[in-house]
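Below is final_8.cif, holding mmCIF, C-alpha atoms (C1' of nucleotides) and all ligand atoms.
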```cif
data_model
#
loop_
_atom_site.label_atom_id
_atom_site.label_comp_id
_atom_site.auth_asym_id
_atom_site.auth_seq_id
_atom_site.Cartn_x
_atom_site.Cartn_y
_atom_site.Cartn_z
CA MET T 94 70.97 74.04 107.92
CA ALA T 95 74.73 73.73 107.80
CA GLN T 96 76.50 72.24 110.76
CA HIS T 97 79.76 74.10 110.31
CA SER T 98 80.08 77.81 110.64
CA TYR T 99 82.72 77.67 107.92
CA PRO T 100 81.60 75.15 105.33
CA PRO T 101 84.59 73.98 103.37
CA ASP T 102 84.95 75.85 100.10
CA PRO T 103 87.22 74.07 97.65
CA ASP T 104 88.10 77.38 95.95
CA VAL T 105 89.34 79.01 99.12
CA MET T 106 92.54 77.93 100.76
CA PRO T 107 93.04 78.79 104.41
CA LEU T 108 95.07 81.93 104.97
CA GLY T 109 98.28 81.90 106.92
CA PRO T 110 98.84 84.32 109.79
CA ARG T 111 100.93 86.64 107.62
CA GLN T 112 98.17 86.82 105.05
CA ARG T 113 95.54 87.53 107.69
CA ALA T 114 97.71 90.31 109.09
CA LEU T 115 98.09 91.86 105.65
CA LEU T 116 94.37 91.73 105.04
CA ALA T 117 93.64 93.27 108.43
CA VAL T 118 95.94 96.23 107.79
CA LEU T 119 94.35 96.79 104.41
CA GLN T 120 90.86 96.68 105.86
CA GLU T 121 91.68 99.08 108.68
CA ALA T 122 93.24 101.56 106.27
CA ASN T 123 90.94 104.07 104.65
CA ALA T 124 93.00 104.29 101.49
CA GLU T 125 95.01 102.13 99.16
CA LEU T 126 98.41 101.18 100.56
CA SER T 127 101.62 100.45 98.71
CA GLY T 128 103.70 97.35 99.38
CA GLN T 129 106.24 99.43 101.23
CA GLU T 130 103.61 101.17 103.34
CA LEU T 131 102.16 97.78 104.25
CA HIS T 132 105.59 96.52 105.18
CA GLU T 133 106.19 99.54 107.38
CA ARG T 134 102.89 99.17 109.19
CA LEU T 135 103.39 95.46 109.75
CA ARG T 136 106.79 95.88 111.30
CA GLN T 137 105.31 98.30 113.82
CA GLY T 138 103.86 95.18 115.47
CA SER T 139 105.77 92.61 117.49
CA GLN T 140 106.77 90.06 114.86
CA ARG T 141 109.46 90.41 112.28
CA HIS T 142 108.30 91.00 108.73
CA GLY T 143 110.29 90.84 105.53
CA LEU T 144 109.48 92.85 102.46
CA ALA T 145 109.71 89.82 100.20
CA THR T 146 107.03 88.05 102.22
CA VAL T 147 104.77 91.08 102.02
CA TYR T 148 104.95 91.01 98.23
CA ARG T 149 104.67 87.23 98.06
CA ASN T 150 101.51 87.23 100.14
CA LEU T 151 100.02 90.19 98.31
CA ARG T 152 100.35 88.17 95.13
CA LEU T 153 98.68 85.16 96.73
CA LEU T 154 95.87 87.24 98.19
CA GLN T 155 95.29 88.78 94.80
CA ARG T 156 95.12 85.37 93.13
CA SER T 157 92.67 84.25 95.83
CA GLY T 158 90.40 87.14 94.99
CA LEU T 159 90.78 88.91 98.32
CA VAL T 160 92.93 91.87 97.34
CA ARG T 161 92.91 94.25 94.41
CA CYS T 162 95.80 96.24 93.02
CA ARG T 163 96.48 99.07 90.64
CA LYS T 164 99.62 100.75 89.41
CA LEU T 165 100.26 104.44 89.97
CA PRO T 166 102.01 106.47 87.27
CA ASN T 167 105.20 106.48 89.33
CA GLY T 168 105.38 102.70 89.16
CA GLU T 169 104.21 101.90 92.68
CA SER T 170 101.45 99.35 93.11
CA VAL T 171 98.74 100.12 95.63
CA TYR T 172 96.50 97.56 97.24
CA ALA T 173 93.02 97.45 98.77
CA PRO T 174 90.49 94.84 99.82
CA LEU T 175 88.66 93.41 96.84
CA GLU T 176 85.26 94.63 97.88
CA ARG T 177 86.20 98.30 97.62
CA ASP T 178 84.98 99.69 94.35
CA ASP T 179 86.78 102.99 94.09
CA HIS T 180 87.90 104.65 90.90
CA HIS T 181 90.19 107.55 90.21
CA LEU T 182 91.12 110.72 88.38
CA THR T 183 94.81 110.61 87.53
CA CYS T 184 96.87 113.48 86.16
CA VAL T 185 99.10 112.56 83.23
CA SER T 186 101.40 115.45 84.08
CA CYS T 187 102.09 115.30 87.82
CA GLY T 188 100.81 111.79 88.52
CA HIS T 189 98.46 112.89 91.28
CA SER T 190 95.55 110.46 91.65
CA GLU T 191 92.41 111.20 93.59
CA PRO T 192 89.27 109.17 94.24
CA LEU T 193 86.31 109.48 91.93
CA PRO T 194 83.30 108.78 94.11
CA ILE T 195 81.24 107.00 91.50
CA CYS T 196 81.47 103.81 89.50
CA PRO T 197 80.58 104.77 85.96
CA VAL T 198 80.79 101.24 84.70
CA ALA T 199 77.66 99.97 83.03
CA THR T 200 78.42 96.36 83.91
CA GLY T 201 77.48 96.70 87.55
CA GLY T 202 76.96 92.99 88.06
CA LEU T 203 78.97 92.16 84.97
CA GLY T 204 76.55 92.18 82.10
CA LEU T 205 79.42 90.99 79.97
CA SER T 206 78.40 88.09 77.83
CA LYS T 207 80.27 84.92 78.63
CA VAL T 208 81.37 84.67 75.04
CA LEU T 209 83.45 87.81 75.46
CA LEU T 210 85.09 86.54 78.61
CA GLN T 211 86.02 83.19 77.00
CA GLY T 212 86.65 81.37 80.24
CA PHE T 213 88.28 84.33 81.94
CA LYS T 214 87.15 84.52 85.59
CA PRO T 215 86.69 88.17 86.58
CA LEU T 216 87.62 89.25 90.09
CA PHE T 217 87.51 93.05 90.03
CA HIS T 218 87.79 95.94 87.65
CA THR T 219 89.66 99.21 87.49
CA PHE T 220 88.36 102.38 85.89
CA GLU T 221 90.43 105.51 85.73
CA ILE T 222 90.06 108.84 83.99
CA HIS T 223 93.39 110.29 82.91
CA GLY T 224 93.78 113.97 82.18
CA LEU T 225 95.16 117.20 83.57
CA CYS T 226 94.55 118.31 87.12
CA LEU T 227 93.70 121.94 87.74
CA SER T 228 97.14 122.99 88.92
CA CYS T 229 98.85 121.34 85.96
CA GLN T 230 96.49 123.11 83.56
CA GLN T 231 97.55 126.41 85.09
CA SER T 232 101.28 125.70 84.94
CA GLU T 233 103.30 126.57 81.87
CA PRO T 234 101.74 124.69 78.95
CA LEU T 235 104.57 122.31 78.07
CA SER T 236 108.30 121.93 78.14
CA HIS T 237 110.99 119.33 78.38
CA GLY T 238 112.70 118.46 81.67
CA MET L 253 86.37 130.68 55.05
CA ALA L 254 89.72 130.13 56.69
CA GLN L 255 92.79 131.05 54.75
CA HIS L 256 95.13 128.59 56.47
CA SER L 257 94.80 124.89 56.21
CA TYR L 258 95.98 124.68 59.83
CA PRO L 259 94.30 127.47 61.77
CA PRO L 260 96.35 128.20 64.89
CA ASP L 261 95.01 126.42 67.95
CA PRO L 262 96.26 127.90 71.21
CA ASP L 263 95.85 124.58 72.99
CA VAL L 264 98.02 122.67 70.57
CA MET L 265 101.70 123.30 70.38
CA PRO L 266 103.48 122.34 67.16
CA LEU L 267 105.08 118.94 67.32
CA GLY L 268 108.76 118.46 66.70
CA PRO L 269 109.97 115.91 64.16
CA ARG L 270 110.75 113.36 66.88
CA GLN L 271 107.24 113.65 68.24
CA ARG L 272 105.70 113.27 64.78
CA ALA L 273 107.81 110.17 64.21
CA LEU L 274 106.67 108.66 67.51
CA LEU L 275 103.06 109.34 66.72
CA ALA L 276 103.41 107.83 63.26
CA VAL L 277 104.86 104.60 64.61
CA LEU L 278 102.07 104.35 67.16
CA GLN L 279 99.42 104.92 64.53
CA GLU L 280 100.88 102.36 62.14
CA ALA L 281 101.07 99.76 64.89
CA ASN L 282 98.01 97.64 65.47
CA ALA L 283 98.70 97.23 69.15
CA GLU L 284 99.99 99.14 72.11
CA LEU L 285 103.76 99.55 72.11
CA SER L 286 106.13 99.85 75.03
CA GLY L 287 108.74 102.60 75.26
CA GLN L 288 111.46 100.14 74.41
CA GLU L 289 109.58 98.74 71.44
CA LEU L 290 109.06 102.26 70.14
CA HIS L 291 112.73 103.00 70.59
CA GLU L 292 113.66 99.89 68.68
CA ARG L 293 111.34 100.66 65.78
CA LEU L 294 112.54 104.25 65.56
CA ARG L 295 116.18 103.32 65.36
CA GLN L 296 115.41 101.08 62.39
CA GLY L 297 115.15 104.34 60.43
CA SER L 298 118.01 106.57 59.34
CA GLN L 299 118.32 109.00 62.23
CA ARG L 300 119.77 108.32 65.62
CA HIS L 301 117.31 107.99 68.47
CA GLY L 302 117.98 107.96 72.17
CA LEU L 303 115.83 106.13 74.67
CA ALA L 304 115.61 109.16 76.95
CA THR L 305 114.15 111.23 74.14
CA VAL L 306 111.57 108.58 73.38
CA TYR L 307 110.35 108.72 76.97
CA ARG L 308 110.58 112.51 77.13
CA ASN L 309 108.43 112.89 74.04
CA LEU L 310 105.97 110.23 75.10
CA ARG L 311 105.38 112.28 78.24
CA LEU L 312 104.88 115.44 76.20
CA LEU L 313 102.53 113.74 73.76
CA GLN L 314 100.54 112.40 76.65
CA ARG L 315 100.27 115.85 78.23
CA SER L 316 99.16 117.23 74.84
CA GLY L 317 96.36 114.72 74.72
CA LEU L 318 97.69 112.83 71.70
CA VAL L 319 98.88 109.63 73.33
CA ARG L 320 97.45 107.36 75.99
CA CYS L 321 99.30 105.03 78.29
CA ARG L 322 98.64 102.19 80.68
CA LYS L 323 100.84 100.10 82.93
CA LEU L 324 101.08 96.34 82.53
CA PRO L 325 101.37 94.15 85.64
CA ASN L 326 105.07 93.63 84.93
CA GLY L 327 105.70 97.37 85.23
CA GLU L 328 106.05 98.21 81.55
CA SER L 329 104.08 101.13 80.19
CA VAL L 330 102.40 100.69 76.83
CA TYR L 331 101.30 103.50 74.58
CA ALA L 332 98.69 104.06 71.87
CA PRO L 333 97.12 106.99 70.05
CA LEU L 334 94.57 108.74 72.19
CA GLU L 335 91.65 108.00 69.92
CA ARG L 336 91.89 104.25 70.41
CA ASP L 337 89.35 103.14 72.98
CA ASP L 338 90.44 99.63 73.80
CA HIS L 339 90.03 97.93 77.12
CA HIS L 340 91.47 94.74 78.52
CA LEU L 341 91.19 91.52 80.46
CA THR L 342 94.27 91.11 82.63
CA CYS L 343 95.24 88.01 84.58
CA VAL L 344 96.34 88.66 88.14
CA SER L 345 98.34 85.45 88.11
CA CYS L 346 100.38 85.41 84.90
CA GLY L 347 99.99 89.04 83.88
CA HIS L 348 98.69 88.23 80.42
CA SER L 349 96.51 91.03 79.08
CA GLU L 350 94.22 90.74 76.09
CA PRO L 351 91.87 93.17 74.40
CA LEU L 352 88.25 93.36 75.44
CA PRO L 353 86.41 94.43 72.32
CA ILE L 354 83.82 96.55 74.04
CA CYS L 355 83.75 99.73 76.07
CA PRO L 356 81.48 98.99 79.00
CA VAL L 357 81.75 102.48 80.37
CA ALA L 358 78.45 104.27 80.77
CA THR L 359 80.03 107.69 80.30
CA GLY L 360 80.44 107.37 76.56
CA GLY L 361 80.73 111.10 76.00
CA LEU L 362 81.50 111.74 79.65
CA GLY L 363 78.21 112.15 81.40
CA LEU L 364 80.21 112.96 84.50
CA SER L 365 78.90 116.06 86.15
CA LYS L 366 81.39 118.91 86.19
CA VAL L 367 81.10 119.10 89.97
CA LEU L 368 82.70 115.66 90.27
CA LEU L 369 85.56 116.58 87.99
CA GLN L 370 86.31 119.79 89.93
CA GLY L 371 88.36 121.42 87.20
CA PHE L 372 90.05 118.20 86.14
CA LYS L 373 90.32 118.06 82.34
CA PRO L 374 89.72 114.49 81.15
CA LEU L 375 91.72 113.20 78.19
CA PHE L 376 91.06 109.47 78.11
CA HIS L 377 90.00 106.62 80.34
CA THR L 378 91.19 103.13 81.08
CA PHE L 379 88.96 100.24 81.99
CA GLU L 380 90.33 96.85 82.83
CA ILE L 381 88.87 93.64 84.21
CA HIS L 382 91.31 91.75 86.41
CA GLY L 383 90.87 88.07 87.13
CA LEU L 384 92.17 84.64 86.25
CA CYS L 385 92.77 83.54 82.69
CA LEU L 386 91.69 80.07 81.69
CA SER L 387 95.12 78.48 81.84
CA CYS L 388 95.85 79.94 85.27
CA GLN L 389 92.54 78.58 86.57
CA GLN L 390 93.60 75.13 85.43
CA SER L 391 97.08 75.31 86.96
CA GLU L 392 97.69 74.23 90.52
CA PRO L 393 95.46 76.39 92.70
CA LEU L 394 98.03 78.35 94.68
CA SER L 395 101.56 78.18 96.02
CA HIS L 396 104.48 80.35 96.85
CA GLY L 397 107.23 80.88 94.34
"C1'" DG R 196 127.34 134.09 60.64
"C1'" DC R 197 126.76 134.49 65.79
"C1'" DT R 198 124.61 133.55 70.19
"C1'" DA R 199 121.16 131.88 73.46
"C1'" DA R 200 117.88 128.55 74.20
"C1'" DA R 201 115.97 124.14 73.38
"C1'" DA R 202 116.36 119.31 72.23
"C1'" DC R 203 119.19 115.38 72.05
"C1'" DG R 204 121.99 110.75 73.06
"C1'" DA R 205 124.78 107.89 75.96
"C1'" DG R 206 125.29 106.13 80.03
"C1'" DA R 207 124.71 106.41 85.07
"C1'" DA R 208 121.39 106.49 88.63
"C1'" DC R 209 117.04 105.30 90.66
"C1'" DC R 210 113.92 102.43 93.05
"C1'" DA R 211 109.89 99.30 93.43
"C1'" DT R 212 109.77 94.67 92.94
"C1'" DT R 213 111.57 89.97 92.52
"C1'" DC R 214 115.03 86.50 93.28
"C1'" DT R 215 118.33 83.73 96.08
"C1'" DC R 216 119.30 81.05 99.71
"C1'" DA R 217 120.15 79.67 104.34
"C1'" DG R 218 117.45 79.29 108.57
"C1'" DC R 219 113.13 78.27 110.90
"C1'" DA R 220 108.51 76.26 111.56
"C1'" DT R 221 105.41 72.63 111.01
"C1'" DA R 222 103.82 67.95 109.83
"C1'" DT R 223 104.35 63.08 109.93
"C1'" DG R 224 105.25 58.70 111.10
"C1'" DG R 225 108.13 55.40 112.92
"C1'" DC E 188 110.87 61.68 121.11
"C1'" DC E 189 113.75 61.85 116.67
"C1'" DA E 190 114.48 62.01 111.69
"C1'" DT E 191 113.26 63.96 107.71
"C1'" DA E 192 110.59 66.28 104.26
"C1'" DT E 193 108.18 70.25 103.04
"C1'" DG E 194 106.99 74.82 102.97
"C1'" DC E 195 107.44 79.71 104.69
"C1'" DT E 196 110.36 83.45 106.01
"C1'" DG E 197 113.76 87.51 106.16
"C1'" DA E 198 118.02 89.76 104.66
"C1'" DG E 199 120.24 91.25 101.09
"C1'" DA E 200 121.51 90.96 96.18
"C1'" DA E 201 119.83 91.27 91.58
"C1'" DT E 202 116.63 92.96 88.09
"C1'" DG E 203 114.90 96.09 84.77
"C1'" DG E 204 111.94 99.84 83.11
"C1'" DT E 205 112.22 104.59 83.55
"C1'" DT E 206 114.38 108.95 84.71
"C1'" DC E 207 118.38 111.92 85.44
"C1'" DT E 208 122.86 114.06 84.21
"C1'" DC E 209 125.49 116.40 81.36
"C1'" DG E 210 128.23 117.44 77.40
"C1'" DT E 211 127.01 117.92 72.48
"C1'" DT E 212 124.06 119.11 68.63
"C1'" DT E 213 120.32 121.43 66.62
"C1'" DT E 214 117.20 125.23 66.26
"C1'" DA E 215 115.57 130.11 66.34
"C1'" DG E 216 116.31 134.99 66.47
"C1'" DC E 217 119.10 138.64 65.15
MN MN T 401 83.45 100.01 89.73
MN MN T 402 86.19 103.17 76.72
ZN ZN T 403 98.68 117.44 87.71
ZN ZN T 404 96.89 83.78 83.69
#
```

Take the structure I supplied and represent it as structure tokens, if you would.
Ligand SMILES: [Mn+2]
Ligand SMILES: [Mn+2]
Ligand SMILES: [Zn+2]
Ligand SMILES: [Zn+2]
Amino acid sequence: MAQHSYPPDPDVMPLGPRQRALLAVLQEANAELSGQELHERLRQGSQRHGLATVYRNLRLLQRSGLVRCRKLPNGESVYAPLERDDHHLTCVSCGHSEPLPICPVATGGLGLSKVLLQGFKPLFHTFEIHGLCLSCQQSEPLSHG
Amino acid sequence: MAQHSYPPDPDVMPLGPRQRALLAVLQEANAELSGQELHERLRQGSQRHGLATVYRNLRLLQRSGLVRCRKLPNGESVYAPLERDDHHLTCVSCGHSEPLPICPVATGGLGLSKVLLQGFKPLFHTFEIHGLCLSCQQSEPLSHG
DNA sequence: GCTAAAACGAGAACCATTCTCAGCATATGG
DNA sequence: CCATATGCTGAGAATGGTTCTCGTTTTAGC
């Protein structure tokens, strides 16, 4: 059996304290958080936190395969731990996005043939159904702003 | 048999000339186009075209269920006719996004039970695999910018 | 035609994200 | 210790795609 509790993994680089803090906030949260929300929660604590560092480390965590991200219709990016496999219904009219409690993707464990991936290393997937929410269907059909 | 070649459909509102032009450009194109690219192609023609109108009409076409949209990692939105069912591999490191020539979604014709949709009217879906492209895997593992 | 309503274009405003850069922390090794 | 190199950080400026504002133009109804 292994002698170390954390056998060295060449693919994984040790996380800095800022990155661990980010990950902790994401894991405690029960929903996706935006960069700004993360920044706000982090600066509740004792240390100083800059917004640039939040975004820098979110990018690094994403590249390391620890954090996932998707873009809302309003342009914000929202983040969650990689292991969460949530999907969403998103309204093309008002932008409201709510969880869809199933994963309708056939490739549960990635049945994708390697030839299709062509060397691409998958980390996570996003699936989203876009359409009209109930309240937007009931509003006036269409009009310019 | 029907007397009109275009029987009135209460769900579909007649498109204006600007909207028809937008749709035509999208259908001629063999790839998704950004708002700015659409604007540029439209102003090649004879009439004047404003950027605001391009975005206004893209929103209307999307609400009418004629155009789909997704956001690239760099923040741009790209548009295509609704009937195209393309999906993508997107690199979390460099942002490059390339077509994935299959639709791995189990809900081909939407096997989603109505109870899950709760009145939501689906128009299209997006499916994307996020990970590391080959060239980003080969670059230096990680570092701040 | 004439008038009200709708659509439009140009440019300003918006705002989430990224960039810049000087200061701080850490490592190293002499 | 001290010198120095390297990397990380925070504040604020810059960026850039999209949306808003508003005066003008087009359209639709009479
Ligand atoms: Mn899934
Ligand atoms: Mn599909
Ligand atoms: Zn809605
Ligand atoms: Zn890449």

Residues within 6 Å of ligand MN 402 (chain T), counting all atoms listed in the file, as a list in words: Asp337, Cys355 and Val357 of chain L

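One finds atom CA of Val319 of chain L at 17.4 Å from atom CA of His340 of chain L.
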
Using all atoms listed in the file, tabulate the residues of chain T lying at most 12 Å from any atom of ligand ZN 404 (chain T), each with its closest atom pair and that distance in Å to one decimal, by chain and increasing residue number, as a tab-separated table.
```
residue	atom	partner	partner_atom	distance
T:Arg156	CA	T:ZN404	ZN	9.7
T:Gly212	CA	T:ZN404	ZN	11.1
T:Phe213	CA	T:ZN404	ZN	8.8
T:Lys214	CA	T:ZN404	ZN	10.0
T:Pro215	CA	T:ZN404	ZN	11.5
```

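Residues of protein, DNA or RNA having any atom at most 10 Å from ligand MN 401 (chain T), counting only C-alpha atoms (C1' of nucleotides) and all ligand atoms, are Glu176, Arg177, Asp178, Asp179, His180, Pro194, Ile195, Cys196, Pro197, Val198, Ala199, Thr200, Gly201, Gly202, Phe217, His218, Thr219, Phe220 and Glu221 of chain T; Val357 and Phe379 of chain L.
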
9 Å shell around ligand ZN 403 (chain T) using all atoms listed in the file, listed as a ChimeraX atom specification: /T:183-190,224-230 /L:372

Selection export as a short mmCIF file (atom, residue, chain, number, x, y, z; two decimals), in the coordinates of the input, atoms kept: C-alpha atoms:
```cif
data_model
loop_
_atom_site.label_atom_id
_atom_site.label_comp_id
_atom_site.auth_asym_id
_atom_site.auth_seq_id
_atom_site.Cartn_x
_atom_site.Cartn_y
_atom_site.Cartn_z
CA THR T 183 94.81 110.61 87.53
CA CYS T 184 96.87 113.48 86.16
CA VAL T 185 99.10 112.56 83.23
CA SER T 186 101.40 115.45 84.08
CA CYS T 187 102.09 115.30 87.82
CA GLY T 188 100.81 111.79 88.52
CA HIS T 189 98.46 112.89 91.28
CA SER T 190 95.55 110.46 91.65
CA GLY T 224 93.78 113.97 82.18
CA LEU T 225 95.16 117.20 83.57
CA CYS T 226 94.55 118.31 87.12
CA LEU T 227 93.70 121.94 87.74
CA SER T 228 97.14 122.99 88.92
CA CYS T 229 98.85 121.34 85.96
CA GLN T 230 96.49 123.11 83.56
CA PHE L 372 90.05 118.20 86.14
#
```

Nearest to Arg113 of chain T, chosen from T:Leu193, T:Leu144, T:Val171, T:Leu159, with all atoms listed in the file counted in the distances: T:Leu159

Go through chain E residue by residue and, counting all atoms listed in the file, keep those with an atom at most 10 Å from chain T; for each kept residue give the shortest atom pair and its distance in Å to one decimal, ordered by chain and increasing number, as JSON lines.
```
{"residue": "E:DC195", "atom": "C1'", "partner": "T:Thr146", "partner_atom": "CA", "distance": 8.7}
{"residue": "E:DT196", "atom": "C1'", "partner": "T:Thr146", "partner_atom": "CA", "distance": 6.8}
{"residue": "E:DG197", "atom": "C1'", "partner": "T:Gly143", "partner_atom": "CA", "distance": 4.9}
{"residue": "E:DA198", "atom": "C1'", "partner": "T:Gly143", "partner_atom": "CA", "distance": 7.9}
{"residue": "E:DG204", "atom": "C1'", "partner": "T:Gly168", "partner_atom": "CA", "distance": 9.4}
{"residue": "E:DT205", "atom": "C1'", "partner": "T:Gly168", "partner_atom": "CA", "distance": 9.0}
{"residue": "E:DC207", "atom": "C1'", "partner": "T:Gly238", "partner_atom": "CA", "distance": 9.4}
```

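Shortest atom-to-atom contact with chain L among R:DG225, R:DG206, R:DG218, R:DG196: R:DG206, counting only C-alpha atoms (C1' of nucleotides).
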
Distance query segment 274-286 of chain L at most 8 Å, only C-alpha atoms (C1' of nucleotides), self and fewer than 4 positions along chain excluded, as a ChimeraX atom specification: /L:270,290,293-294,306,309-310,319,328-333

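What separates atom CA of Gly128 of chain T from atom CA of Tyr148 of chain T is a distance of 6.6 Å.
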
Residue with smallest distance to DT212 of chain R - pool T:Gln137, T:Arg149, T:Arg163, T:Val208, counting only C-alpha atoms (C1' of nucleotides): T:Arg149

Chain R residues near chain T (9 Å cut-off, all atoms listed in the file) as a PyMOL selection string: chain R and resi 201-202+211-213

Could you save the residues just selected, with C-alpha atoms (C1' of nucleotides), as a PDB file, in the frame of the given file?
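Saved the output as selection14.pdb:
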```pdb
ATOM      1  C1'  DA R 201     115.970 124.140  73.380  1.00  0.00           C
ATOM      2  C1'  DA R 202     116.360 119.310  72.230  1.00  0.00           C
ATOM      3  C1'  DA R 211     109.890  99.300  93.430  1.00  0.00           C
ATOM      4  C1'  DT R 212     109.770  94.670  92.940  1.00  0.00           C
ATOM      5  C1'  DT R 213     111.570  89.970  92.520  1.00  0.00           C
TER       6       DT R 213
END
```

DT215 of chain R: which residues within 10 Å, counting all atoms listed in the file, same-chain residues fewer than 3 positions away excluded, as a compact mmCIF listing (two decimals) with C-alpha atoms (C1' of nucleotides), in the coordinates of the input?
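Saved file selection-v4.txt follows:
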```txt
# COMPACT_ATOMS: atom_id res chain seq x y z
C1' DG E 199 120.24 91.25 101.09
C1' DA E 200 121.51 90.96 96.18
C1' DA E 201 119.83 91.27 91.58
```

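For the set L:Arg320, L:Arg295, L:Lys366, L:His382, the residue with the smallest atom-to-atom gap to chain T is L:His382, counting all atoms listed in the file.
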
Reconstruct all heavy atoms of segment 343-349 of chain L from the incomplete input and present them as a PDB file, in the frame of the given file.
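This went into part17.pdb:
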```
ATOM      1  N   CYS L 343      95.165  89.096  83.604  1.00  0.00           N
ATOM      2  CA  CYS L 343      95.240  88.010  84.580  1.00  0.00           C
ATOM      3  C   CYS L 343      96.117  88.412  85.756  1.00  0.00           C
ATOM      4  O   CYS L 343      97.259  88.832  85.571  1.00  0.00           O
ATOM      5  CB  CYS L 343      95.791  86.746  83.921  1.00  0.00           C
ATOM      6  SG  CYS L 343      95.927  85.354  85.063  1.00  0.00           S
ATOM      7  N   VAL L 344      95.577  88.281  86.955  1.00  0.00           N
ATOM      8  CA  VAL L 344      96.340  88.660  88.140  1.00  0.00           C
ATOM      9  C   VAL L 344      97.422  87.632  88.470  1.00  0.00           C
ATOM     10  O   VAL L 344      98.279  87.875  89.316  1.00  0.00           O
ATOM     11  CB  VAL L 344      95.435  88.825  89.384  1.00  0.00           C
ATOM     12  CG1 VAL L 344      94.429  89.941  89.173  1.00  0.00           C
ATOM     13  CG2 VAL L 344      94.747  87.529  89.725  1.00  0.00           C
ATOM     14  N   SER L 345      97.378  86.496  87.798  1.00  0.00           N
ATOM     15  CA  SER L 345      98.340  85.450  88.110  1.00  0.00           C
ATOM     16  C   SER L 345      99.533  85.482  87.162  1.00  0.00           C
ATOM     17  O   SER L 345     100.673  85.555  87.597  1.00  0.00           O
ATOM     18  CB  SER L 345      97.663  84.090  88.078  1.00  0.00           C
ATOM     19  OG  SER L 345      98.571  83.083  88.446  1.00  0.00           O
ATOM     20  N   CYS L 346      99.275  85.468  85.856  1.00  0.00           N
ATOM     21  CA  CYS L 346     100.380  85.410  84.900  1.00  0.00           C
ATOM     22  C   CYS L 346     100.655  86.765  84.260  1.00  0.00           C
ATOM     23  O   CYS L 346     101.672  86.943  83.593  1.00  0.00           O
ATOM     24  CB  CYS L 346     100.110  84.375  83.826  1.00  0.00           C
ATOM     25  SG  CYS L 346      98.746  84.789  82.723  1.00  0.00           S
ATOM     26  N   GLY L 347      99.745  87.717  84.422  1.00  0.00           N
ATOM     27  CA  GLY L 347      99.990  89.040  83.880  1.00  0.00           C
ATOM     28  C   GLY L 347      99.540  89.224  82.438  1.00  0.00           C
ATOM     29  O   GLY L 347      99.576  90.325  81.909  1.00  0.00           O
ATOM     30  N   HIS L 348      99.116  88.127  81.815  1.00  0.00           N
ATOM     31  CA  HIS L 348      98.690  88.230  80.420  1.00  0.00           C
ATOM     32  C   HIS L 348      97.498  89.177  80.308  1.00  0.00           C
ATOM     33  O   HIS L 348      96.584  89.139  81.113  1.00  0.00           O
ATOM     34  CB  HIS L 348      98.316  86.847  79.890  1.00  0.00           C
ATOM     35  CG  HIS L 348      97.824  86.875  78.472  1.00  0.00           C
ATOM     36  ND1 HIS L 348      98.653  87.111  77.404  1.00  0.00           N
ATOM     37  CD2 HIS L 348      96.579  86.716  77.948  1.00  0.00           C
ATOM     38  CE1 HIS L 348      97.954  87.080  76.288  1.00  0.00           C
ATOM     39  NE2 HIS L 348      96.691  86.843  76.593  1.00  0.00           N
ATOM     40  N   SER L 349      97.534  90.021  79.262  1.00  0.00           N
ATOM     41  CA  SER L 349      96.510  91.030  79.080  1.00  0.00           C
ATOM     42  C   SER L 349      96.026  91.003  77.650  1.00  0.00           C
ATOM     43  O   SER L 349      96.824  91.105  76.724  1.00  0.00           O
ATOM     44  CB  SER L 349      97.097  92.412  79.408  1.00  0.00           C
ATOM     45  OG  SER L 349      96.103  93.406  79.407  1.00  0.00           O
TER      46      SER L 349
END
```
